[in-house]
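Everything below concerns the one structure shown next.
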Amino acid sequence: MELIYLDNAATTQVSEGVLNTMLPYFRESYGNPSSIYEFSMRSKKAMTTAREEIAAFLNAEPAEIYFTSGGSESDNWALRGIVQAARAGGHIITTTIEHHAVLHTCKELEKNGCRVSYIGVDENGMVKLEELRRAIAPDTVLISIMAANNEIGTIQPIAEIGEIARERGICFHTDAVQAFGHIPLDVKAMNIDLLSASAHKLNGPKGIGFLYVRQGISLPSMVYGGGQERGRRAGTENVPGIVGFGQAVREAAEQMSARAKRECALRDYFMDEVLRRIPYARVNGSRKNRLPNNVNFSFQFVEGESLLIMLDMQGICASSGSACTAGSLEPSHVLMALGLPPEVAHGSIRFTLSEATTREEIDFVIDKMEEIVAKLRDMSPFYDEVRGIRKGKI
């Protein structure tokens, strides 16, 4: 059975170019970049090059890029750091559909006296800008709103949010883990002060991310020890990961436009065919402002977990939402925030495409989904009732 991998929002395959770039830094140029001898300078130079490439991709300065272990650490550092720098607790504004790396951090900060406002979104997952403006208070120290949602793919109006924050003198952080490398991001044009990203979402390695920190932002260290990352993030640097991240960004810069165009066409075909062929199906998230590779469906009278298991039996990898909440019996907080009833939210499934996804694979997936959804509905007493009403039997 051939594997069809459509869970690229969870993680991606490391590209051949990234792997080949990383390999020498495991066995040949393995020196610690903090050492001063020539052998270690190779590692330091490679790390500097990667930092410069990532910065250029964002229209940032190299000194504004701080390497971390991934997006969750970057989110934690941004939120905790800004609140700590405020000293008096402060007020954070975020949304109800953020990744749990942001939401759980906010809950912890609330336990320590920080006030958090969770603003809503519309039926497409778009942040309500008027509600955001109303939530701003004299003690607001941070607005943290993701660039694009990891479950439904909705792209937020980041430039407008950045402008609102800059006008009020408030620090603006965006969790760009799903967006970075897939859509254009410009930290200067969008007035972004802090930005989180992770390599494994764009064909880079796991365990490496970064936090962009605009020059002039006071952000205390979260990891203490040595003087790495200009004294802000201690610990021996993950040189192979950093080098791989730099290569992944280089490839994204070269391929992003053409890849997005191809993925958008395949994504739209996927959504249109499913809606045409499977009754009581809906697309979650914005059709217009959406990540190129994201597809999220809800099927009434079907349990998403059952659908996932049966797709897996056909060699198809998908997700019921964020990989970080896999196994949870609760419906997605993102879908609930859109206003979906729990029984519809429970029947949801996310597919995320890659540059390697083919039309033939999508057709195969649609065929199997049509069969599986029909089979699952045949076992549903609720669907029997609806079907009986439609046929005039009830």
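Chain labels A, B, ... are given in the sequence in which chains occur in the structure tokens; within each chain residues are numbered consecutively from 1, and ligands are likewise numbered from 1 in the order shown.
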
So which residues touch Asp367 of chain A within 12 Å, counting only C-alpha atoms, skipping near sequence neighbours fewer than 3 positions away, as a PyMOL selection string?
chain A and resi 270+273-274+277-278+311+314+316+360-364+370-374

Can you write just those residues out, N, CA, C and O atoms, as an mmCIF file, in the first residue's frame?
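Final file, selection.cif:
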```cif
data_model
loop_
_atom_site.group_PDB
_atom_site.id
_atom_site.type_symbol
_atom_site.label_atom_id
_atom_site.label_comp_id
_atom_site.auth_asym_id
_atom_site.auth_seq_id
_atom_site.Cartn_x
_atom_site.Cartn_y
_atom_site.Cartn_z
ATOM 1 N N PHE A 270 -9.850 20.058 -4.493
ATOM 2 C CA PHE A 270 -10.163 19.125 -3.407
ATOM 3 C C PHE A 270 -11.446 19.563 -2.700
ATOM 4 O O PHE A 270 -12.389 18.769 -2.522
ATOM 5 N N GLU A 273 -14.670 19.358 -5.050
ATOM 6 C CA GLU A 273 -15.109 17.993 -5.344
ATOM 7 C C GLU A 273 -15.768 17.328 -4.135
ATOM 8 O O GLU A 273 -16.776 16.632 -4.270
ATOM 9 N N VAL A 274 -15.205 17.545 -2.958
ATOM 10 C CA VAL A 274 -15.806 16.954 -1.757
ATOM 11 C C VAL A 274 -17.189 17.539 -1.506
ATOM 12 O O VAL A 274 -18.150 16.809 -1.214
ATOM 13 N N ARG A 277 -19.618 16.012 -4.028
ATOM 14 C CA ARG A 277 -19.878 14.575 -3.998
ATOM 15 C C ARG A 277 -20.384 14.046 -2.657
ATOM 16 O O ARG A 277 -21.027 12.994 -2.615
ATOM 17 N N ILE A 278 -20.103 14.750 -1.570
ATOM 18 C CA ILE A 278 -20.479 14.237 -0.250
ATOM 19 C C ILE A 278 -21.484 15.194 0.400
ATOM 20 O O ILE A 278 -21.145 16.347 0.677
ATOM 21 N N LEU A 311 -9.336 6.012 7.063
ATOM 22 C CA LEU A 311 -8.434 6.550 6.037
ATOM 23 C C LEU A 311 -7.032 5.985 6.211
ATOM 24 O O LEU A 311 -6.346 5.647 5.238
ATOM 25 N N GLN A 314 -6.334 2.871 4.639
ATOM 26 C CA GLN A 314 -6.124 2.984 3.200
ATOM 27 C C GLN A 314 -4.785 3.645 2.865
ATOM 28 O O GLN A 314 -4.512 3.962 1.712
ATOM 29 N N ILE A 316 -3.763 6.616 4.077
ATOM 30 C CA ILE A 316 -3.920 8.069 3.970
ATOM 31 C C ILE A 316 -3.712 8.706 5.339
ATOM 32 O O ILE A 316 -4.404 8.369 6.301
ATOM 33 N N GLU A 360 -3.754 12.871 -8.728
ATOM 34 C CA GLU A 360 -4.161 11.477 -8.637
ATOM 35 C C GLU A 360 -4.347 11.059 -7.181
ATOM 36 O O GLU A 360 -5.283 10.320 -6.849
ATOM 37 N N GLU A 361 -3.468 11.521 -6.309
ATOM 38 C CA GLU A 361 -3.603 11.214 -4.886
ATOM 39 C C GLU A 361 -4.872 11.829 -4.316
ATOM 40 O O GLU A 361 -5.601 11.186 -3.542
ATOM 41 N N ILE A 362 -5.152 13.072 -4.687
ATOM 42 C CA ILE A 362 -6.360 13.741 -4.192
ATOM 43 C C ILE A 362 -7.608 13.019 -4.683
ATOM 44 O O ILE A 362 -8.574 12.821 -3.925
ATOM 45 N N ASP A 363 -7.623 12.598 -5.934
ATOM 46 C CA ASP A 363 -8.770 11.857 -6.457
ATOM 47 C C ASP A 363 -8.973 10.556 -5.687
ATOM 48 O O ASP A 363 -10.115 10.174 -5.377
ATOM 49 N N PHE A 364 -7.884 9.866 -5.388
ATOM 50 C CA PHE A 364 -7.971 8.619 -4.615
ATOM 51 C C PHE A 364 -8.551 8.898 -3.230
ATOM 52 O O PHE A 364 -9.424 8.165 -2.745
ATOM 53 N N GLU A 370 -15.549 9.368 0.191
ATOM 54 C CA GLU A 370 -16.959 9.198 -0.166
ATOM 55 C C GLU A 370 -17.467 7.839 0.320
ATOM 56 O O GLU A 370 -18.570 7.739 0.880
ATOM 57 N N GLU A 371 -16.665 6.797 0.117
ATOM 58 C CA GLU A 371 -17.045 5.457 0.563
ATOM 59 C C GLU A 371 -17.130 5.376 2.087
ATOM 60 O O GLU A 371 -18.100 4.837 2.641
ATOM 61 N N ILE A 372 -16.114 5.915 2.767
ATOM 62 C CA ILE A 372 -16.032 5.791 4.225
ATOM 63 C C ILE A 372 -17.128 6.592 4.911
ATOM 64 O O ILE A 372 -17.766 6.109 5.867
ATOM 65 N N VAL A 373 -17.351 7.818 4.439
ATOM 66 C CA VAL A 373 -18.403 8.646 5.044
ATOM 67 C C VAL A 373 -19.762 7.969 4.890
ATOM 68 O O VAL A 373 -20.566 7.932 5.839
ATOM 69 N N ALA A 374 -20.015 7.411 3.705
ATOM 70 C CA ALA A 374 -21.290 6.702 3.496
ATOM 71 C C ALA A 374 -21.407 5.509 4.438
ATOM 72 O O ALA A 374 -22.472 5.259 5.020
#
```

Per DSSP on the backbone, what are the alpha helix (DSSP H) residues of segment 196-279 of chain A, as a ChimeraX atom specification?
/A:239-277

Deliver the residues from the most recent selection as a file, using C-alpha atoms, as a PDB file, in the first residue's frame.
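Done, and the output landed in part-v2.pdb:
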```
ATOM      1  CA  VAL A 239      24.343  23.863  14.510  1.00  0.00           C
ATOM      2  CA  PRO A 240      23.065  21.106  12.175  1.00  0.00           C
ATOM      3  CA  GLY A 241      19.488  22.228  12.840  1.00  0.00           C
ATOM      4  CA  ILE A 242      20.317  25.890  12.288  1.00  0.00           C
ATOM      5  CA  VAL A 243      22.151  25.124   9.045  1.00  0.00           C
ATOM      6  CA  GLY A 244      19.216  22.988   7.908  1.00  0.00           C
ATOM      7  CA  PHE A 245      16.784  25.773   8.779  1.00  0.00           C
ATOM      8  CA  GLY A 246      18.803  28.200   6.685  1.00  0.00           C
ATOM      9  CA  GLN A 247      18.703  25.839   3.706  1.00  0.00           C
ATOM     10  CA  ALA A 248      14.950  25.277   4.143  1.00  0.00           C
ATOM     11  CA  VAL A 249      14.426  29.046   4.047  1.00  0.00           C
ATOM     12  CA  ARG A 250      16.634  29.339   0.960  1.00  0.00           C
ATOM     13  CA  GLU A 251      14.499  26.732  -0.792  1.00  0.00           C
ATOM     14  CA  ALA A 252      11.266  28.365   0.374  1.00  0.00           C
ATOM     15  CA  ALA A 253      12.402  31.730  -0.989  1.00  0.00           C
ATOM     16  CA  GLU A 254      13.053  30.165  -4.394  1.00  0.00           C
ATOM     17  CA  GLN A 255       9.920  28.024  -4.588  1.00  0.00           C
ATOM     18  CA  MET A 256       7.218  29.713  -2.486  1.00  0.00           C
ATOM     19  CA  SER A 257       5.391  31.601  -5.231  1.00  0.00           C
ATOM     20  CA  ALA A 258       5.195  28.727  -7.730  1.00  0.00           C
ATOM     21  CA  ARG A 259       4.452  26.211  -4.985  1.00  0.00           C
ATOM     22  CA  ALA A 260       1.616  28.331  -3.554  1.00  0.00           C
ATOM     23  CA  LYS A 261       0.014  28.699  -6.980  1.00  0.00           C
ATOM     24  CA  ARG A 262       0.080  24.924  -7.548  1.00  0.00           C
ATOM     25  CA  GLU A 263      -1.137  24.085  -4.028  1.00  0.00           C
ATOM     26  CA  CYS A 264      -3.989  26.611  -4.213  1.00  0.00           C
ATOM     27  CA  ALA A 265      -5.278  25.032  -7.425  1.00  0.00           C
ATOM     28  CA  LEU A 266      -5.116  21.527  -5.939  1.00  0.00           C
ATOM     29  CA  ARG A 267      -6.612  22.709  -2.636  1.00  0.00           C
ATOM     30  CA  ASP A 268      -9.589  24.369  -4.345  1.00  0.00           C
ATOM     31  CA  TYR A 269     -10.200  21.320  -6.528  1.00  0.00           C
ATOM     32  CA  PHE A 270     -10.163  19.125  -3.407  1.00  0.00           C
ATOM     33  CA  MET A 271     -12.687  21.315  -1.582  1.00  0.00           C
ATOM     34  CA  ASP A 272     -15.020  21.721  -4.549  1.00  0.00           C
ATOM     35  CA  GLU A 273     -15.109  17.993  -5.344  1.00  0.00           C
ATOM     36  CA  VAL A 274     -15.806  16.954  -1.757  1.00  0.00           C
ATOM     37  CA  LEU A 275     -18.626  19.482  -1.425  1.00  0.00           C
ATOM     38  CA  ARG A 276     -20.075  18.285  -4.749  1.00  0.00           C
ATOM     39  CA  ARG A 277     -19.878  14.575  -3.998  1.00  0.00           C
TER      40      ARG A 277
END
```

Return as CSV the residues of segment 179-294 of chain A lying at most 8 Å from segment 55-68 of chain A, together with the closest atom-to-atom pair for each and the distance in Å to one decimal, counting only C-alpha atoms, with rows in chain order and ascending residue number.
```
residue,atom,partner,partner_atom,distance
A:Leu185,CA,A:Leu58,CA,5.8
A:Asp186,CA,A:Leu58,CA,5.0
A:Val187,CA,A:Leu58,CA,6.0
A:Lys188,CA,A:Asn59,CA,6.6
A:Ile208,CA,A:Thr68,CA,5.9
A:Gly209,CA,A:Thr68,CA,5.0
A:Phe210,CA,A:Phe67,CA,4.2
A:Leu211,CA,A:Tyr66,CA,5.2
A:Tyr212,CA,A:Ile65,CA,4.7
A:Val213,CA,A:Glu64,CA,5.1
A:Arg214,CA,A:Glu64,CA,5.7
A:Gln215,CA,A:Glu64,CA,6.3
A:Glu229,CA,A:Tyr66,CA,6.1
A:Arg233,CA,A:Tyr66,CA,7.6
A:Glu237,CA,A:Phe67,CA,8.0
A:Ile242,CA,A:Phe67,CA,7.6
A:Val249,CA,A:Phe57,CA,7.4
A:Ala253,CA,A:Phe57,CA,7.0
```

Those in segment 10-193 of chain A with strand (DSSP E) from DSSP, as a list in words
Ile65, Tyr66, Phe67, Thr68, His91, Ile92, Ile93, Thr94, Thr95, Arg115, Val116, Ser117, Tyr118, Ile119, Thr140, Val141, Leu142, Ile143, Ser144, Cys171, Phe172, His173, Thr174 and Asp175 of chain A

Please build the interface table for segment 114-159 of chain A against segment 95-105 of chain A with a cut-off of 8 Å, listing for each qualifying residue the nearest atom pair and the distance in Å to one decimal; count only C-alpha atoms, order rows by chain and increasing number, and write it as CSV.
```
residue,atom,partner,partner_atom,distance
A:Ser117,CA,A:Thr95,CA,7.8
A:Tyr118,CA,A:Thr95,CA,4.7
A:Ile119,CA,A:Thr95,CA,4.7
A:Gly120,CA,A:Thr96,CA,5.8
A:Val121,CA,A:Thr96,CA,7.5
A:Gly125,CA,A:Ile97,CA,7.7
A:Val127,CA,A:Thr95,CA,7.3
A:Ser144,CA,A:Thr95,CA,7.8
A:Ile145,CA,A:Thr95,CA,6.4
A:Met146,CA,A:Glu98,CA,6.4
A:Asn149,CA,A:Glu98,CA,7.2
A:Asn150,CA,A:His99,CA,7.4
```

Mind dumping the selected residues with N, CA, C and O atoms as an mmCIF file, in the first residue's frame?
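Wrote it out as part_1.cif, contents follow:
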```cif
data_model
loop_
_atom_site.group_PDB
_atom_site.id
_atom_site.type_symbol
_atom_site.label_atom_id
_atom_site.label_comp_id
_atom_site.auth_asym_id
_atom_site.auth_seq_id
_atom_site.Cartn_x
_atom_site.Cartn_y
_atom_site.Cartn_z
ATOM 1 N N SER A 117 -7.194 39.140 27.611
ATOM 2 C CA SER A 117 -8.463 39.242 26.878
ATOM 3 C C SER A 117 -8.388 38.316 25.677
ATOM 4 O O SER A 117 -7.441 38.374 24.897
ATOM 5 N N TYR A 118 -9.404 37.450 25.545
ATOM 6 C CA TYR A 118 -9.464 36.500 24.436
ATOM 7 C C TYR A 118 -10.545 36.968 23.463
ATOM 8 O O TYR A 118 -11.733 36.805 23.727
ATOM 9 N N ILE A 119 -10.138 37.564 22.373
ATOM 10 C CA ILE A 119 -11.124 38.130 21.454
ATOM 11 C C ILE A 119 -11.606 37.066 20.473
ATOM 12 O O ILE A 119 -10.913 36.090 20.181
ATOM 13 N N GLY A 120 -12.814 37.274 19.963
ATOM 14 C CA GLY A 120 -13.438 36.286 19.106
ATOM 15 C C GLY A 120 -13.088 36.425 17.640
ATOM 16 O O GLY A 120 -12.387 37.356 17.209
ATOM 17 N N VAL A 121 -13.600 35.467 16.859
ATOM 18 C CA VAL A 121 -13.409 35.459 15.409
ATOM 19 C C VAL A 121 -14.766 35.271 14.754
ATOM 20 O O VAL A 121 -15.735 34.850 15.398
ATOM 21 N N GLY A 125 -13.178 32.324 10.918
ATOM 22 C CA GLY A 125 -11.963 32.325 11.725
ATOM 23 C C GLY A 125 -11.159 33.597 11.626
ATOM 24 O O GLY A 125 -10.003 33.638 12.055
ATOM 25 N N VAL A 127 -10.155 37.302 12.740
ATOM 26 C CA VAL A 127 -10.215 38.061 13.976
ATOM 27 C C VAL A 127 -11.098 39.297 13.798
ATOM 28 O O VAL A 127 -11.127 39.931 12.734
ATOM 29 N N SER A 144 -0.988 39.366 20.855
ATOM 30 C CA SER A 144 -0.424 38.148 20.259
ATOM 31 C C SER A 144 -1.499 37.459 19.430
ATOM 32 O O SER A 144 -2.451 36.901 19.971
ATOM 33 N N ILE A 145 -1.350 37.533 18.104
ATOM 34 C CA ILE A 145 -2.332 36.945 17.185
ATOM 35 C C ILE A 145 -1.585 36.200 16.084
ATOM 36 O O ILE A 145 -0.683 36.745 15.455
ATOM 37 N N MET A 146 -1.959 34.958 15.858
ATOM 38 C CA MET A 146 -1.255 34.119 14.903
ATOM 39 C C MET A 146 -1.417 34.637 13.477
ATOM 40 O O MET A 146 -2.436 35.238 13.126
ATOM 41 N N ASN A 149 -4.000 30.250 10.951
ATOM 42 C CA ASN A 149 -4.407 29.207 11.886
ATOM 43 C C ASN A 149 -3.959 27.825 11.431
ATOM 44 O O ASN A 149 -4.079 27.468 10.261
ATOM 45 N N ASN A 150 -3.476 27.048 12.376
ATOM 46 C CA ASN A 150 -2.933 25.729 12.078
ATOM 47 C C ASN A 150 -4.000 24.692 11.744
ATOM 48 O O ASN A 150 -3.707 23.685 11.101
#
```

Within 10 Å of segment 152-154 of chain A using only C-alpha atoms, minus same-chain residues under 4 positions, as a ChimeraX atom specification
/A:9,97,124-127,146-148,178-179,283-297,321-322,334-335,349-352

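Around segment 139-143 of chain A, within 7 Å and counting only C-alpha atoms, the residues found are Gly90, His91, Ile92, Ile93, Thr94, Ile136, Ala137, Ile145, Ile170, Cys171, Phe172 and His173 of chain A, once anything fewer than 2 positions away on its own chain is removed.
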
With N, CA and C atoms retained, write the just-selected residues as a PDB file, in the first residue's frame.
```pdb
ATOM      1  N   GLY A  90       0.599  43.574  33.735  1.00  0.00           N
ATOM      2  CA  GLY A  90       0.214  43.946  32.388  1.00  0.00           C
ATOM      3  C   GLY A  90      -0.996  43.198  31.859  1.00  0.00           C
ATOM      4  N   HIS A  91      -1.358  43.540  30.637  1.00  0.00           N
ATOM      5  CA  HIS A  91      -2.555  43.014  29.982  1.00  0.00           C
ATOM      6  C   HIS A  91      -2.167  42.517  28.596  1.00  0.00           C
ATOM      7  N   ILE A  92      -2.602  41.283  28.259  1.00  0.00           N
ATOM      8  CA  ILE A  92      -2.347  40.685  26.953  1.00  0.00           C
ATOM      9  C   ILE A  92      -3.671  40.539  26.215  1.00  0.00           C
ATOM     10  N   ILE A  93      -3.635  40.779  24.909  1.00  0.00           N
ATOM     11  CA  ILE A  93      -4.785  40.502  24.053  1.00  0.00           C
ATOM     12  C   ILE A  93      -4.383  39.398  23.085  1.00  0.00           C
ATOM     13  N   THR A  94      -5.207  38.357  23.025  1.00  0.00           N
ATOM     14  CA  THR A  94      -4.979  37.272  22.075  1.00  0.00           C
ATOM     15  C   THR A  94      -6.332  36.833  21.543  1.00  0.00           C
ATOM     16  N   ILE A 136      -8.276  47.000  23.880  1.00  0.00           N
ATOM     17  CA  ILE A 136      -7.041  47.692  24.268  1.00  0.00           C
ATOM     18  C   ILE A 136      -7.297  48.574  25.491  1.00  0.00           C
ATOM     19  N   ALA A 137      -6.417  48.446  26.475  1.00  0.00           N
ATOM     20  CA  ALA A 137      -6.539  49.191  27.729  1.00  0.00           C
ATOM     21  C   ALA A 137      -5.216  49.903  28.016  1.00  0.00           C
ATOM     22  N   ILE A 145      -1.350  37.533  18.104  1.00  0.00           N
ATOM     23  CA  ILE A 145      -2.332  36.945  17.185  1.00  0.00           C
ATOM     24  C   ILE A 145      -1.585  36.200  16.084  1.00  0.00           C
ATOM     25  N   ILE A 170       1.907  49.481  21.484  1.00  0.00           N
ATOM     26  CA  ILE A 170       1.810  48.152  22.105  1.00  0.00           C
ATOM     27  C   ILE A 170       2.659  47.165  21.306  1.00  0.00           C
ATOM     28  N   CYS A 171       3.339  46.291  21.982  1.00  0.00           N
ATOM     29  CA  CYS A 171       4.154  45.274  21.336  1.00  0.00           C
ATOM     30  C   CYS A 171       3.241  44.254  20.638  1.00  0.00           C
ATOM     31  N   PHE A 172       3.610  43.869  19.417  1.00  0.00           N
ATOM     32  CA  PHE A 172       2.813  42.923  18.643  1.00  0.00           C
ATOM     33  C   PHE A 172       3.621  41.670  18.318  1.00  0.00           C
ATOM     34  N   HIS A 173       3.101  40.523  18.792  1.00  0.00           N
ATOM     35  CA  HIS A 173       3.714  39.221  18.516  1.00  0.00           C
ATOM     36  C   HIS A 173       2.790  38.412  17.621  1.00  0.00           C
TER      37      HIS A 173
END
```

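Computed from the coordinates, the atom CA of Glu130 of chain A to atom CA of Leu219 of chain A distance equals 28.6 Å.
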
Write out as a PyMOL selection string which residues come within 12 Å of Ala189 of chain A when counting only C-alpha atoms, dropping same-chain ones fewer than 5 positions away.
chain A and resi 58-60+158-163+166+184

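Across the model, the gap from atom CA of Ile4 of chain A to atom CA of Gly71 of chain A is 26.1 Å.
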
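By only C-alpha atoms, and with residues fewer than 4 positions from Arg80 of chain A along its chain excluded, the set lying at most 8 Å from it is Asn76, Gln84, Thr105 and Leu109 of chain A.
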
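Between atom CA of Glu305 of chain A and atom CA of Leu376 of chain A lies a distance of 11.2 Å.
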